[in-house]
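Student: run13.cif (mmCIF, C-alpha atoms and all ligand atoms) pasted underneath:
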```cif
data_target
#
loop_
_atom_site.label_atom_id
_atom_site.label_comp_id
_atom_site.auth_asym_id
_atom_site.auth_seq_id
_atom_site.Cartn_x
_atom_site.Cartn_y
_atom_site.Cartn_z
CA LYS A 284 10.66 -24.09 -32.88
CA GLU A 285 7.36 -22.74 -31.51
CA ILE A 286 7.65 -24.87 -28.40
CA GLN A 287 11.14 -23.53 -27.92
CA ALA A 288 9.86 -19.94 -28.15
CA LEU A 289 7.05 -20.66 -25.68
CA LYS A 290 9.51 -22.21 -23.26
CA GLN A 291 11.62 -19.09 -23.48
CA VAL A 292 8.64 -16.80 -22.73
CA ARG A 293 7.67 -19.02 -19.81
CA ASN A 294 11.18 -18.93 -18.39
CA GLU A 295 11.40 -15.18 -18.85
CA LEU A 296 8.04 -14.65 -17.15
CA THR A 297 8.92 -16.92 -14.23
CA ARG A 298 12.24 -15.12 -13.72
CA PHE A 299 10.49 -11.79 -13.95
CA MET A 300 7.81 -12.66 -11.35
CA VAL A 301 10.37 -14.24 -9.03
CA THR A 302 12.44 -11.03 -9.11
CA TYR A 303 9.35 -9.05 -8.07
CA LYS A 304 8.69 -11.51 -5.28
CA PHE A 305 12.24 -10.89 -4.00
CA GLY A 306 11.55 -7.13 -4.09
CA LEU A 307 8.40 -7.75 -2.08
CA ASP A 308 10.32 -9.87 0.45
CA GLU A 309 12.91 -7.09 0.86
CA MET A 310 10.28 -4.42 1.42
CA ASN A 311 8.43 -6.64 3.91
CA THR A 312 11.69 -7.07 5.82
CA LYS A 313 12.18 -3.29 5.90
CA LEU A 314 8.66 -2.79 7.28
CA ASN A 315 9.01 -5.58 9.82
CA ILE A 316 12.29 -4.09 11.05
CA LEU A 317 10.62 -0.69 11.51
CA LYS A 318 7.71 -2.35 13.31
CA GLU A 319 9.90 -4.35 15.70
CA GLU A 320 12.39 -1.57 16.34
CA PHE A 321 9.61 0.91 17.08
CA GLN A 322 8.06 -1.52 19.54
CA TYR A 323 11.44 -2.03 21.22
CA ILE A 324 12.37 1.67 21.55
CA HIS A 325 9.03 3.41 21.97
CA GLU A 326 6.99 0.52 23.38
CA TYR A 327 4.25 1.11 20.91
CA ASN A 328 3.60 -0.24 17.48
CA PRO A 329 2.64 2.13 14.66
CA ILE A 330 1.81 -0.81 12.38
CA GLU A 331 -1.34 -2.80 13.17
CA HIS A 332 -0.81 -5.25 10.33
CA LEU A 333 0.79 -5.80 6.93
CA LYS A 334 -0.68 -7.54 3.93
CA SER A 335 1.20 -8.34 0.72
CA ARG A 336 -0.05 -9.35 -2.68
CA ILE A 337 1.41 -10.28 -6.04
CA LYS A 338 -0.68 -9.37 -9.08
CA SER A 339 -1.71 -12.42 -11.09
CA PRO A 340 -0.45 -12.64 -14.70
CA GLU A 341 -4.14 -12.30 -15.78
CA SER A 342 -4.56 -8.98 -13.93
CA ILE A 343 -1.25 -7.73 -15.33
CA LEU A 344 -2.41 -8.53 -18.86
CA LYS A 345 -5.87 -7.00 -18.20
CA LYS A 346 -4.22 -3.77 -17.03
CA MET A 347 -2.00 -3.65 -20.12
CA THR A 348 -5.02 -4.17 -22.40
CA ARG A 349 -7.07 -1.57 -20.48
CA LYS A 350 -4.27 0.95 -20.98
CA ASN A 351 -3.92 -0.04 -24.66
CA LEU A 352 -0.29 -0.98 -24.25
CA GLU A 353 1.80 -3.45 -26.19
CA VAL A 354 2.44 -6.60 -24.14
CA SER A 355 6.16 -7.16 -23.67
CA MET A 356 8.32 -7.67 -20.61
CA ASP A 357 9.87 -4.21 -20.94
CA SER A 358 6.52 -2.52 -21.33
CA ILE A 359 5.02 -4.39 -18.35
CA LYS A 360 8.02 -3.41 -16.25
CA GLU A 361 7.66 0.23 -17.15
CA ASN A 362 3.88 0.55 -17.01
CA VAL A 363 2.63 -1.75 -14.28
CA GLN A 364 4.05 -0.32 -11.10
CA ASP A 365 1.89 -2.36 -8.76
CA ILE A 366 2.91 -5.90 -9.71
CA VAL A 367 3.75 -6.34 -6.05
CA GLY A 368 2.16 -4.36 -3.26
CA ILE A 369 2.03 -4.11 0.51
CA ARG A 370 -0.83 -2.66 2.51
CA VAL A 371 0.29 -1.18 5.81
CA VAL A 372 -2.49 -0.63 8.31
CA CYS A 373 -1.77 1.84 11.12
CA SER A 374 -3.69 2.96 14.22
CA PHE A 375 -3.43 6.70 13.67
CA ILE A 376 -3.16 9.11 10.73
CA SER A 377 0.12 10.50 12.11
CA ASP A 378 1.62 6.96 12.06
CA ILE A 379 0.97 6.82 8.30
CA TYR A 380 3.28 9.76 7.64
CA LYS A 381 5.87 8.49 10.13
CA ILE A 382 6.13 5.14 8.33
CA SER A 383 6.16 6.84 4.94
CA ASP A 384 9.03 9.18 5.97
CA MET A 385 11.06 6.37 7.46
CA LEU A 386 10.79 4.33 4.25
CA GLN A 387 11.54 7.26 1.96
CA LYS A 388 14.71 8.11 3.92
CA GLN A 389 16.31 4.69 3.36
CA LYS A 390 19.21 5.06 0.96
CA ASP A 391 18.48 2.06 -1.26
CA VAL A 392 14.86 3.19 -1.72
CA LYS A 393 13.93 5.46 -4.64
CA VAL A 394 10.65 7.35 -4.52
CA ILE A 395 8.98 7.08 -7.91
CA GLU A 396 5.56 8.54 -7.09
CA ILE A 397 3.47 9.60 -4.10
CA LYS A 398 -0.32 9.79 -4.27
CA ASP A 399 -1.76 11.32 -1.13
CA TYR A 400 -5.42 10.33 -1.13
CA ILE A 401 -5.60 11.42 2.52
CA ALA A 402 -4.94 15.06 1.71
CA ASN A 403 -6.88 14.65 -1.56
CA PRO A 404 -9.46 11.88 -1.17
CA LYS A 405 -11.07 10.29 -4.26
CA PRO A 406 -14.63 11.52 -5.01
CA ASN A 407 -16.12 8.35 -3.43
CA GLY A 408 -14.26 9.12 -0.17
CA TYR A 409 -11.34 6.72 -0.66
CA LYS A 410 -8.38 7.63 1.55
CA SER A 411 -4.88 6.12 1.72
CA LEU A 412 -1.30 7.19 1.15
CA HIS A 413 0.12 5.43 -1.92
CA LEU A 414 3.86 5.24 -2.51
CA ILE A 415 5.48 3.76 -5.57
CA LEU A 416 9.00 2.89 -4.47
CA SER A 417 11.80 1.14 -6.26
CA ILE A 418 14.46 -1.03 -4.60
CA PRO A 419 17.41 -3.00 -5.97
CA VAL A 420 17.32 -6.78 -5.99
CA PHE A 421 20.73 -8.44 -6.21
CA LEU A 422 20.56 -11.61 -8.29
CA SER A 423 23.28 -14.15 -9.10
CA ASP A 424 24.31 -12.39 -12.30
CA ARG A 425 22.81 -8.89 -12.14
CA GLU A 426 21.04 -6.19 -10.19
CA GLU A 427 17.40 -5.35 -10.96
CA GLU A 428 15.36 -2.36 -9.82
CA VAL A 429 11.89 -3.45 -8.76
CA PHE A 430 8.81 -1.29 -8.18
CA VAL A 431 6.75 -1.91 -5.05
CA GLU A 432 3.43 -0.20 -4.34
CA ILE A 433 2.87 0.61 -0.68
CA GLN A 434 -0.62 1.60 0.46
CA ILE A 435 -0.60 3.05 3.97
CA ARG A 436 -3.91 3.67 5.75
CA THR A 437 -5.60 3.60 9.15
CA VAL A 438 -7.78 0.76 10.44
CA ALA A 439 -10.87 2.91 9.73
CA MET A 440 -9.76 3.70 6.17
CA ASP A 441 -9.04 0.00 5.61
CA PHE A 442 -12.44 -1.04 6.99
CA TRP A 443 -14.15 1.39 4.60
CA ALA A 444 -12.02 0.42 1.56
CA SER A 445 -12.56 -3.31 1.98
CA LEU A 446 -16.34 -2.90 2.10
CA GLU A 447 -16.37 -0.44 -0.81
CA HIS A 448 -14.24 -2.87 -2.86
CA LYS A 449 -16.73 -5.67 -2.18
CA ILE A 450 -19.73 -3.51 -3.16
CA TYR A 451 -17.92 -2.27 -6.29
CA TYR A 452 -17.41 -5.81 -7.55
CA LYS A 453 -20.84 -7.05 -6.41
CA TYR A 454 -22.45 -4.41 -8.62
CA ASN A 455 -19.96 -5.07 -11.40
CA ARG A 456 -18.44 -1.59 -11.06
CA GLU A 457 -21.81 0.15 -11.47
CA ILE A 458 -23.00 1.06 -8.00
CA PRO A 459 -26.57 2.49 -7.76
CA ASP A 460 -26.65 6.23 -6.94
CA HIS A 461 -28.19 5.91 -3.47
CA LEU A 462 -25.49 3.43 -2.45
CA THR A 463 -22.74 5.68 -3.82
CA MET A 464 -24.02 8.47 -1.58
CA GLU A 465 -24.17 6.22 1.46
CA ILE A 466 -20.66 4.89 0.83
CA THR A 467 -19.32 8.45 0.65
CA GLU A 468 -21.19 9.31 3.85
CA ALA A 469 -19.63 6.26 5.54
CA ALA A 470 -16.18 7.55 4.50
CA THR A 471 -16.95 10.84 6.29
CA VAL A 472 -17.88 8.89 9.44
CA ALA A 473 -14.68 6.84 9.20
CA ASN A 474 -12.70 10.07 8.88
CA GLU A 475 -14.43 11.58 11.93
CA LEU A 476 -13.48 8.48 13.91
CA ASP A 477 -9.85 8.80 12.78
CA LEU A 478 -9.72 12.45 13.84
CA LYS A 479 -11.31 11.67 17.21
CA MET A 480 -8.85 8.82 17.86
CA GLU A 481 -5.89 11.01 16.87
CA LYS A 482 -7.07 13.72 19.31
CA LEU A 483 -7.62 11.21 22.14
CA ASN A 484 -4.22 9.68 21.52
CA LYS A 485 -2.51 13.08 21.74
CA GLU A 486 -4.41 13.89 24.94
CA VAL A 487 -3.40 10.62 26.63
CA ASN A 488 0.16 11.21 25.51
CA ASN A 489 0.24 14.68 27.01
CA ILE A 490 -1.21 13.57 30.32
CA LYS A 491 1.38 10.83 30.67
CA THR A 492 4.21 13.21 29.73
CA GLU A 493 3.02 15.77 32.31
CA ASP A 494 3.07 12.99 34.93
CA GLY A 495 6.78 12.70 34.31
CA ILE A 496 6.56 9.50 32.34
CA LYS A 497 9.19 9.40 29.60
CA ASP A 498 8.19 9.02 25.95
CA GLU A 499 9.62 5.51 26.02
CA ASP A 500 7.14 4.50 28.73
CA ILE A 501 4.07 5.48 26.79
CA PHE A 502 1.69 2.84 25.62
CA TYR A 503 -0.55 4.26 22.93
CA LEU A 504 -4.31 3.71 23.22
P1 LIG A 601 -6.38 -4.34 -6.16
O1 LIG A 601 -7.19 -5.57 -6.34
O2 LIG A 601 -6.53 -3.74 -4.80
O3 LIG A 601 -4.95 -4.49 -6.56
P2 LIG A 601 -3.21 2.45 -11.91
O4 LIG A 601 -4.44 1.89 -12.58
O5 LIG A 601 -2.80 1.66 -10.69
O6 LIG A 601 -2.07 2.72 -12.81
P3 LIG A 601 -4.54 4.47 -10.43
O7 LIG A 601 -5.95 4.10 -10.64
O8 LIG A 601 -4.21 5.93 -10.40
O9 LIG A 601 -3.60 3.88 -11.52
O10 LIG A 601 -4.00 3.80 -9.14
P4 LIG A 601 -4.35 4.23 -7.67
O11 LIG A 601 -5.36 5.29 -7.64
O12 LIG A 601 -3.04 4.51 -7.02
O13 LIG A 601 -5.06 2.94 -7.09
C1 LIG A 601 -4.52 1.68 -7.14
C2 LIG A 601 -5.03 0.81 -6.01
O14 LIG A 601 -5.53 1.60 -4.93
C3 LIG A 601 -6.20 -0.10 -6.38
O15 LIG A 601 -5.68 -1.27 -6.91
C4 LIG A 601 -6.89 -0.32 -5.02
O16 LIG A 601 -6.18 -1.29 -4.27
C5 LIG A 601 -6.72 1.02 -4.35
N1 LIG A 601 -7.85 1.93 -4.65
C6 LIG A 601 -7.80 3.03 -5.42
N2 LIG A 601 -9.00 3.63 -5.44
C7 LIG A 601 -9.84 2.90 -4.69
C8 LIG A 601 -11.22 3.02 -4.32
O17 LIG A 601 -11.94 3.94 -4.72
N3 LIG A 601 -11.72 2.06 -3.50
C9 LIG A 601 -10.97 1.03 -3.02
N4 LIG A 601 -11.56 0.14 -2.22
N5 LIG A 601 -9.66 0.87 -3.37
C10 LIG A 601 -9.11 1.79 -4.17
P5 LIG A 601 -6.47 -2.15 -7.97
O18 LIG A 601 -5.47 -2.65 -8.95
O19 LIG A 601 -7.64 -1.38 -8.51
O20 LIG A 601 -7.06 -3.31 -7.18
#
```
Translate the structure of the given file into structure tokens.

Tutor:
Amino acid sequence: KEIQALKQVRNELTRFMVTYKFGLDEMNTKLNILKEEFQYIHEYNPIEHLKSRIKSPESILKKMTRKNLEVSMDSIKENVQDIVGIRVVCSFISDIYKISDMLQKQKDVKVIEIKDYIANPKPNGYKSLHLILSIPVFLSDREEEVFVEIQIRTVAMDFWASLEHKIYYKYNREIPDHLTMEITEAATVANELDLKMEKLNKEVNNIKTEDGIKDEDIFYL
């Protein structure tokens, strides 16, 4: 009887994770379409690269325990909104909002939550635009709504976040004070670089437009 129950949990969990993977595949397709279409029409690519990840069952359980929540499929579904996630890395800050708007406008996409850590960075300097979106997945016998977390950031923000993440885990989440200060300073430098690049990009754009070159002919920096 126990083995039977375990088998049922295993089957349920597998089905559950597979459904999320389908949601991730759908969202990746949406982003790849935007990327290719943009390249085709505007001859520039707002997306530098995309990276997807599926949370491991261990991390899902850790998150549930950390939040003091009962572990059941329904509760996981409701409370862990980042089971699947995609990181979208763009060249310029303005590209981040372009991609975000284009995704939000799609009619099968529901916006669940937006966290704008670019307008309101975290105290350590972390910047990114986080969207929790939900999309329908059509299965053989039913339709399921799946949450997907999208983190959109620039190359500079991504560079900073990946190093900060490494340091955070190296020091087991307790970073010495002097390093914390330096990490926050580095975030300011990364932000200055982003602003400079945005300004340069606009300038180059304007020059080319004044020369009579159509928008479609512009290659971004
Ligand atoms: P991983 O390994 O990247 O998946 P939540 O706990 O998600 O319900 P929270 O904390 O409000 O609530 O979520 P938030 O702020 O939207 O952040 C979730 C994710 O953003 C993290 O996922 C990181 O990927 C990234 N992130 C947030 N803050 C920081 C930061 O200070 N530094 C870095 N490097 N990344 C950050 P996970 O699950 O923590 O990790």

Student: As an exercise, work out the distance from atom CA of Val392 of chain A to atom CA of Leu296 of chain A in Å and give it to one decimal place.

Tutor: 24.6 Å

Student: Would you work out the distance separating atom CA of Leu478 of chain A from atom CA of Ile401 of chain A, expressed in Å to one decimal?

Tutor: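 So the answer is 12.1 Å.
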
Student: State, in Å with one decimal place, the distance from atom O10 of ligand LIG 601 (chain A) to atom CA of Glu432 of chain A.

Tutor: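 Those two atoms sit 9.7 Å apart.
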
Student: Which residue gives the smallest distance to ligand LIG 601 (chain A) among A:Val487, A:Leu416, A:Ile366, A:Met480, with only C-alpha atoms and all ligand atoms counted?

Tutor: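 Looking only at the distances to ligand LIG 601 (chain A), the closest residue turns out to be A:Ile366.
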
Student: Using all atoms listed in the file for the distances, tell me which of A:Asp399, A:Glu486, A:Glu426, A:Glu309 is nearest to ligand LIG 601 (chain A).

Tutor: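 The closest residue to ligand LIG 601 (chain A) is A:Asp399.
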
Student: Write out as a tab-separated table a residue-level contact list of chain A versus ligand LIG 601 (chain A) with cut-off 10 Å: for each qualifying residue the closest pair of atoms and the distance in Å to one decimal, counting all atoms listed in the file, rows sorted by chain and residue number upward.

Tutor:
```
residue	atom	partner	partner_atom	distance
A:Arg336	CA	A:LIG601	O3	7.9
A:Ile337	CA	A:LIG601	O3	8.6
A:Lys338	CA	A:LIG601	O3	7.0
A:Ser339	CA	A:LIG601	O3	9.7
A:Ser342	CA	A:LIG601	O18	8.1
A:Ile343	CA	A:LIG601	O18	9.2
A:Lys346	CA	A:LIG601	O4	7.2
A:Met347	CA	A:LIG601	O4	9.7
A:Arg349	CA	A:LIG601	O4	9.0
A:Lys350	CA	A:LIG601	O4	8.5
A:Asn362	CA	A:LIG601	O6	7.6
A:Val363	CA	A:LIG601	O6	6.7
A:Gln364	CA	A:LIG601	O6	7.0
A:Asp365	CA	A:LIG601	O5	6.5
A:Ile366	CA	A:LIG601	O3	8.6
A:Val367	CA	A:LIG601	O3	8.9
A:Gly368	CA	A:LIG601	O3	7.8
A:Ile369	CA	A:LIG601	O16	9.9
A:Arg370	CA	A:LIG601	O16	8.7
A:Glu396	CA	A:LIG601	O12	9.5
A:Ile397	CA	A:LIG601	O12	8.8
A:Lys398	CA	A:LIG601	O12	6.5
A:Asp399	CA	A:LIG601	O12	9.1
A:Tyr400	CA	A:LIG601	O11	8.2
A:Pro404	CA	A:LIG601	O17	9.0
A:Lys405	CA	A:LIG601	O17	6.4
A:Pro406	CA	A:LIG601	O17	8.0
A:Asn407	CA	A:LIG601	O17	6.2
A:Gly408	CA	A:LIG601	O17	7.3
A:Tyr409	CA	A:LIG601	O17	5.0
A:Lys410	CA	A:LIG601	C7	8.0
A:Ser411	CA	A:LIG601	O14	8.1
A:Leu412	CA	A:LIG601	O12	8.8
A:His413	CA	A:LIG601	O12	6.1
A:Leu414	CA	A:LIG601	O12	8.3
A:Ile415	CA	A:LIG601	O12	8.7
A:Glu432	CA	A:LIG601	O12	8.4
A:Ile433	CA	A:LIG601	O14	9.5
A:Gln434	CA	A:LIG601	O14	7.3
A:Met440	CA	A:LIG601	N4	9.3
A:Asp441	CA	A:LIG601	N4	8.2
A:Phe442	CA	A:LIG601	N4	9.3
A:Trp443	CA	A:LIG601	N4	7.4
A:Ala444	CA	A:LIG601	N4	3.8
A:Ser445	CA	A:LIG601	N4	5.5
A:Leu446	CA	A:LIG601	N4	7.1
A:Glu447	CA	A:LIG601	N4	5.0
A:His448	CA	A:LIG601	N4	4.1
A:Lys449	CA	A:LIG601	N4	7.8
A:Ile450	CA	A:LIG601	N4	9.0
A:Tyr451	CA	A:LIG601	N4	7.9
A:Tyr452	CA	A:LIG601	N4	9.9
```
